[in-house]
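Report on the following structure.
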Amino acid sequence: MRHRTLRNSLLLLGVVSVLSVSTVACTAAEALPERVDFNRDIRPVLSDICFHCHGPDEEQRQADFRLDQQESAFADLGDHLAIAPGNPDESELYLRITAKDADERMPPVDSGRQLTARQIALIKKWIEQGAEWQTHWSFAPIRRPALPAVQNENWVRNPIDAFVLAKLEAQGLSPSPAADKSRLIRRVTLDLTGLPPTIAEVDAFLADDSPRAYEKVVDRLLASPRYGERMATHWLDAARYADTNGYQTDGDRSMWRWRDWVIEAYNNNMPFDQFTVEQLAGDLLPEPTLEQRIATAFNRNHRGNGEGGVIEEEYAVEYVVDRVETTGTVWLGLTIGCARCHDHKYDPISQQEFYQLFSFFNNVPERGKAVKNGNSPPMMKAPTRAQRSQLAEVEERLSVAETKFTKLQPAIEQAERDWETTFDWNLAKDWALDRALTAHF
């Protein structure tokens, strides 16, 4: 779960104070990036300004020309290419957004959407640099970018420093002095555990003059159980975690075993692919463990409606939609919920694809009407490790007792036979339940 370079990147905390300065210095006249990135710089402009008429919405689209599809965006229009990589003056897109004739210029004057001078310059530079097209960022594989060149190379202690310093130097700023040790330990402790350091921890750090003093603090904090609790808070928000049902009376339910699983995953440095698989389909793994089945409670964190007049089929659908939307947001980085009612207007998701994904999550044997107080079925017992240890001890004691009892069976049966041969059955003829009782009611 932790990034491999987390320990090193935390050195960045020593220069955090300069970041706000650099953002304040950015103005409307901000310089264009050295390398224009389609997903970062161009797609947002096209989506905001152009997709209304040249995007995925069939009802709003004003022409066959589309800017949300690569094939259309680079189409041969006869006299010009829509986008001619490397040559803005041969690109119909650039010619139209810079046309002096108002009847030719795009977007139309009466559209209520206009490109700024900086946006036009971004598009021009992107075309000049080859007009590299990228898929939606959430579908693109992660690539490590090249380190930017900086003037003050001696200041850089890790790769993140290079990016920070390059931005500062571009704005004509210098880094702030390194933070003192008392500030450093406060920053890193709050960042990794959500709690301030104790006085004893501060004193120990101030007294440690070794080159690895800060590194040892980071290692200690990463080994703390508080680390997992701190990191899990963001994931719990994304996964809509709650120990109540969320509707009307907001009755209680127990989901904290899943919360503890998330905390343990962070503390155990679980790989993110495993973290993903176990939460989405841990119960489908070969011979799943109890923990892997608990992980799938991610899909049961949605609200549950226990209102008396609820239409069960309606809310059974709502629960599945919740799973689809949450999975799209958390793992795909997409506002996939829009495709519930129509093909998505901005992200590459059709309505058909939404319900294809819907089918995967429509396999929980649950009712639309939830239990008002307590967990709704299907449920399973989820003892903690301590409870499992206690249960194993009880099972062992029970097994021993049953073995002893089995060995006593012959003696018990013989004692019963001896009693039957000596008992005076005449005494039982007028026996009654209430005889010889002090009182009965």
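To be explicit about the labels: the chains of the structure tokens are called A, B, and onward in the order shown, and within each one the residues are counted from 1, while ligands get numbers from 1 in the order they are shown.
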Closest contacts (region 135-179 of chain A/region 345-364 of chain A, max 12 Å, only C-alpha atoms) as a Markdown table:
| residue | atom | partner | partner_atom | distance |
| --- | --- | --- | --- | --- |
| A:Thr135 | CA | A:Pro348 | CA | 9.4 |
| A:His136 | CA | A:Asp347 | CA | 7.8 |
| A:Trp137 | CA | A:Asp347 | CA | 10.5 |
| A:Ser138 | CA | A:Asp347 | CA | 10.3 |
| A:Phe139 | CA | A:Pro348 | CA | 10.2 |
Output N, CA, C and O atoms for every residue in the selection just made, as a compact mmCIF listing (two decimals), in the first residue's frame.
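In the end it all went to part-v9.txt:
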# COMPACT_ATOMS: atom_id res chain seq x y z
N THR A 135 -5.48 8.35 -24.02
CA THR A 135 -6.76 7.85 -23.53
C THR A 135 -7.09 8.54 -22.22
O THR A 135 -6.26 9.25 -21.64
N HIS A 136 -8.29 8.33 -21.73
CA HIS A 136 -8.67 8.88 -20.43
C HIS A 136 -7.62 8.49 -19.40
O HIS A 136 -7.14 7.36 -19.36
N TRP A 137 -7.25 9.45 -18.56
CA TRP A 137 -6.11 9.24 -17.66
C TRP A 137 -6.27 8.00 -16.79
O TRP A 137 -5.28 7.34 -16.44
N SER A 138 -7.51 7.64 -16.41
CA SER A 138 -7.67 6.50 -15.51
C SER A 138 -7.44 5.18 -16.21
O SER A 138 -7.29 4.15 -15.56
N PHE A 139 -7.39 5.17 -17.55
CA PHE A 139 -7.11 3.94 -18.29
C PHE A 139 -5.65 3.84 -18.72
O PHE A 139 -5.23 2.80 -19.22
Residues near region 203-219 of chain A, anyone? I mean within 8 Å using only C-alpha atoms, not counting same-chain ones fewer than 4 positions away, as a list in words.
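Listing them by chain and then by number gives Arg7, Lys181, Ser182, Ile185, Val188, Ile199 and Ala223 of chain A.
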Coordinates-based distance that separates CA of Asn299 (chain A) from CA of Val330 (chain A) (Å, one decimal):
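Answer for the CA of Val330 (chain A) to CA of Asn299 (chain A) separation: 12.1 Å.
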Determine the nearest neighbour of Ala170 (chain A) from the options A:Val400, A:Leu32, A:Ala102, A:Ala339, counting only C-alpha atoms.
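When distances to Ala170 (chain A) are compared using only C-alpha atoms, the smallest one comes from A:Leu32.
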Nearest to Gly194 (chain A) by atom-to-atom distance, counting only C-alpha atoms, from A:Ala178, A:Ala166, A:Arg226, A:Asp418:
A:Arg226
Which is closer to Ile83 (chain A) than all the others in A:Asp260, A:Asp434, A:Asp57, A:Glu132, using only C-alpha atoms?
A:Glu132
Distance CA of Gln70 (chain A)-CA of Thr326 (chain A), one decimal place?
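Spanning CA of Gln70 (chain A) to CA of Thr326 (chain A) is a straight-line distance of 28.4 Å.
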Among the residues of region 221-349 of chain A, find those DSSP assigns to helix (DSSP H, G or I) from the backbone and print them as a PyMOL selection string.
chain A and resi 221-222+225-238+256-267+272-284+290-300+312-332+336-340
Give me a file of those residues, with C-alpha atoms, as a PDB file, in the first residue's frame.
ATOM      1  CA  LEU A 221       5.961   6.002  12.825  1.00  0.00           C
ATOM      2  CA  LEU A 222       5.427   3.634   9.898  1.00  0.00           C
ATOM      3  CA  PRO A 225      -0.512   0.889  14.554  1.00  0.00           C
ATOM      4  CA  ARG A 226      -1.593   4.542  14.458  1.00  0.00           C
ATOM      5  CA  TYR A 227      -0.159   4.734  10.936  1.00  0.00           C
ATOM      6  CA  GLY A 228      -2.816   2.386   9.559  1.00  0.00           C
ATOM      7  CA  GLU A 229      -5.556   4.242  11.414  1.00  0.00           C
ATOM      8  CA  ARG A 230      -4.417   7.538   9.937  1.00  0.00           C
ATOM      9  CA  MET A 231      -4.104   6.256   6.372  1.00  0.00           C
ATOM     10  CA  ALA A 232      -7.398   4.349   6.523  1.00  0.00           C
ATOM     11  CA  THR A 233      -9.485   7.452   7.218  1.00  0.00           C
ATOM     12  CA  HIS A 234      -9.398   8.569   3.580  1.00  0.00           C
ATOM     13  CA  TRP A 235     -10.252   5.100   2.321  1.00  0.00           C
ATOM     14  CA  LEU A 236     -13.164   4.788   4.752  1.00  0.00           C
ATOM     15  CA  ASP A 237     -14.590   8.029   3.349  1.00  0.00           C
ATOM     16  CA  ALA A 238     -14.211   6.825  -0.238  1.00  0.00           C
ATOM     17  CA  TRP A 256     -16.193  -2.238  12.103  1.00  0.00           C
ATOM     18  CA  ARG A 257     -14.593  -5.601  11.302  1.00  0.00           C
ATOM     19  CA  TRP A 258     -14.150  -4.394   7.725  1.00  0.00           C
ATOM     20  CA  ARG A 259     -12.729  -1.095   9.028  1.00  0.00           C
ATOM     21  CA  ASP A 260     -10.161  -3.039  11.060  1.00  0.00           C
ATOM     22  CA  TRP A 261      -9.298  -5.088   7.963  1.00  0.00           C
ATOM     23  CA  VAL A 262      -8.460  -1.865   6.094  1.00  0.00           C
ATOM     24  CA  ILE A 263      -6.304  -0.633   8.982  1.00  0.00           C
ATOM     25  CA  GLU A 264      -4.429  -3.943   9.082  1.00  0.00           C
ATOM     26  CA  ALA A 265      -3.938  -3.827   5.306  1.00  0.00           C
ATOM     27  CA  TYR A 266      -2.147  -0.481   5.611  1.00  0.00           C
ATOM     28  CA  ASN A 267      -0.124  -1.554   8.623  1.00  0.00           C
ATOM     29  CA  PHE A 272      -2.551  -2.399  -3.833  1.00  0.00           C
ATOM     30  CA  ASP A 273      -3.554  -5.072  -6.357  1.00  0.00           C
ATOM     31  CA  GLN A 274      -4.230  -7.502  -3.512  1.00  0.00           C
ATOM     32  CA  PHE A 275      -6.042  -4.723  -1.617  1.00  0.00           C
ATOM     33  CA  THR A 276      -8.276  -4.284  -4.667  1.00  0.00           C
ATOM     34  CA  VAL A 277      -8.983  -7.935  -5.440  1.00  0.00           C
ATOM     35  CA  GLU A 278      -9.862  -8.904  -1.890  1.00  0.00           C
ATOM     36  CA  GLN A 279     -12.337  -6.049  -1.432  1.00  0.00           C
ATOM     37  CA  LEU A 280     -14.095  -6.563  -4.747  1.00  0.00           C
ATOM     38  CA  ALA A 281     -14.071 -10.366  -4.881  1.00  0.00           C
ATOM     39  CA  GLY A 282     -12.277 -11.852  -1.874  1.00  0.00           C
ATOM     40  CA  ASP A 283     -15.027 -14.445  -1.420  1.00  0.00           C
ATOM     41  CA  LEU A 284     -14.441 -15.733  -4.976  1.00  0.00           C
ATOM     42  CA  LEU A 290     -12.082 -15.234   6.860  1.00  0.00           C
ATOM     43  CA  GLU A 291     -10.140 -11.996   6.328  1.00  0.00           C
ATOM     44  CA  GLN A 292     -10.627 -12.170   2.547  1.00  0.00           C
ATOM     45  CA  ARG A 293     -14.358 -12.632   3.015  1.00  0.00           C
ATOM     46  CA  ILE A 294     -14.462  -9.758   5.515  1.00  0.00           C
ATOM     47  CA  ALA A 295     -12.723  -7.569   2.898  1.00  0.00           C
ATOM     48  CA  THR A 296     -15.740  -7.892   0.594  1.00  0.00           C
ATOM     49  CA  ALA A 297     -17.820  -5.900   3.086  1.00  0.00           C
ATOM     50  CA  PHE A 298     -16.619  -2.974   0.957  1.00  0.00           C
ATOM     51  CA  ASN A 299     -19.598  -3.855  -1.221  1.00  0.00           C
ATOM     52  CA  ARG A 300     -22.010  -3.809   1.736  1.00  0.00           C
ATOM     53  CA  GLU A 312     -38.106  -3.685  -2.066  1.00  0.00           C
ATOM     54  CA  GLU A 313     -37.268  -4.040  -5.756  1.00  0.00           C
ATOM     55  CA  GLU A 314     -36.576  -0.309  -6.041  1.00  0.00           C
ATOM     56  CA  TYR A 315     -34.036  -0.305  -3.245  1.00  0.00           C
ATOM     57  CA  ALA A 316     -32.505  -3.615  -4.289  1.00  0.00           C
ATOM     58  CA  VAL A 317     -31.614  -1.773  -7.521  1.00  0.00           C
ATOM     59  CA  GLU A 318     -30.393   1.297  -5.600  1.00  0.00           C
ATOM     60  CA  TYR A 319     -27.941  -0.841  -3.634  1.00  0.00           C
ATOM     61  CA  VAL A 320     -26.448  -2.311  -6.801  1.00  0.00           C
ATOM     62  CA  VAL A 321     -26.203   1.132  -8.417  1.00  0.00           C
ATOM     63  CA  ASP A 322     -24.371   2.320  -5.311  1.00  0.00           C
ATOM     64  CA  ARG A 323     -21.801  -0.461  -5.714  1.00  0.00           C
ATOM     65  CA  VAL A 324     -21.275   0.354  -9.388  1.00  0.00           C
ATOM     66  CA  GLU A 325     -20.899   4.090  -8.789  1.00  0.00           C
ATOM     67  CA  THR A 326     -18.570   3.645  -5.824  1.00  0.00           C
ATOM     68  CA  THR A 327     -16.364   1.195  -7.714  1.00  0.00           C
ATOM     69  CA  GLY A 328     -16.242   3.586 -10.680  1.00  0.00           C
ATOM     70  CA  THR A 329     -15.256   6.514  -8.488  1.00  0.00           C
ATOM     71  CA  VAL A 330     -12.743   4.736  -6.272  1.00  0.00           C
ATOM     72  CA  TRP A 331     -10.980   2.428  -8.727  1.00  0.00           C
ATOM     73  CA  LEU A 332     -11.692   3.789 -12.207  1.00  0.00           C
ATOM     74  CA  ILE A 336     -19.730   6.456 -13.949  1.00  0.00           C
ATOM     75  CA  GLY A 337     -23.125   7.162 -12.349  1.00  0.00           C
ATOM     76  CA  CYS A 338     -24.128   9.488 -15.198  1.00  0.00           C
ATOM     77  CA  ALA A 339     -24.384   6.462 -17.520  1.00  0.00           C
ATOM     78  CA  ARG A 340     -27.201   5.040 -15.411  1.00  0.00           C
TER      79      ARG A 340
END
CA of Glu402 (chain A) and CA of Ala382 (chain A), how far apart in Å?
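Calculated distance between CA of Ala382 (chain A) and CA of Glu402 (chain A) is 26.3 Å.
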For a quick check of understanding, using only C-alpha atoms, which of A:Thr438, A:Ser91, A:Gln414, A:Ser176 has the smallest distance to Lys124 (chain A)?
A:Ser91
Quick one: pick out all strand (DSSP E or B) residues within region 67-295 of chain A from a backbone DSSP run and write them as a list in words.
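Written out, the strand (DSSP E or B) residues of region 67-295 of chain A are Asp76, Leu81, Ser91, Thr244, Gly246 and Asp252 of chain A.
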Excluding Ala84 (chain A) and residues on its chain fewer than 2 positions from it, collect all residues at most 12 Å away from it, counting only C-alpha atoms, and give them as a ChimeraX atom specification.
/A:73-77,79-82,86-95,123-124,126-132
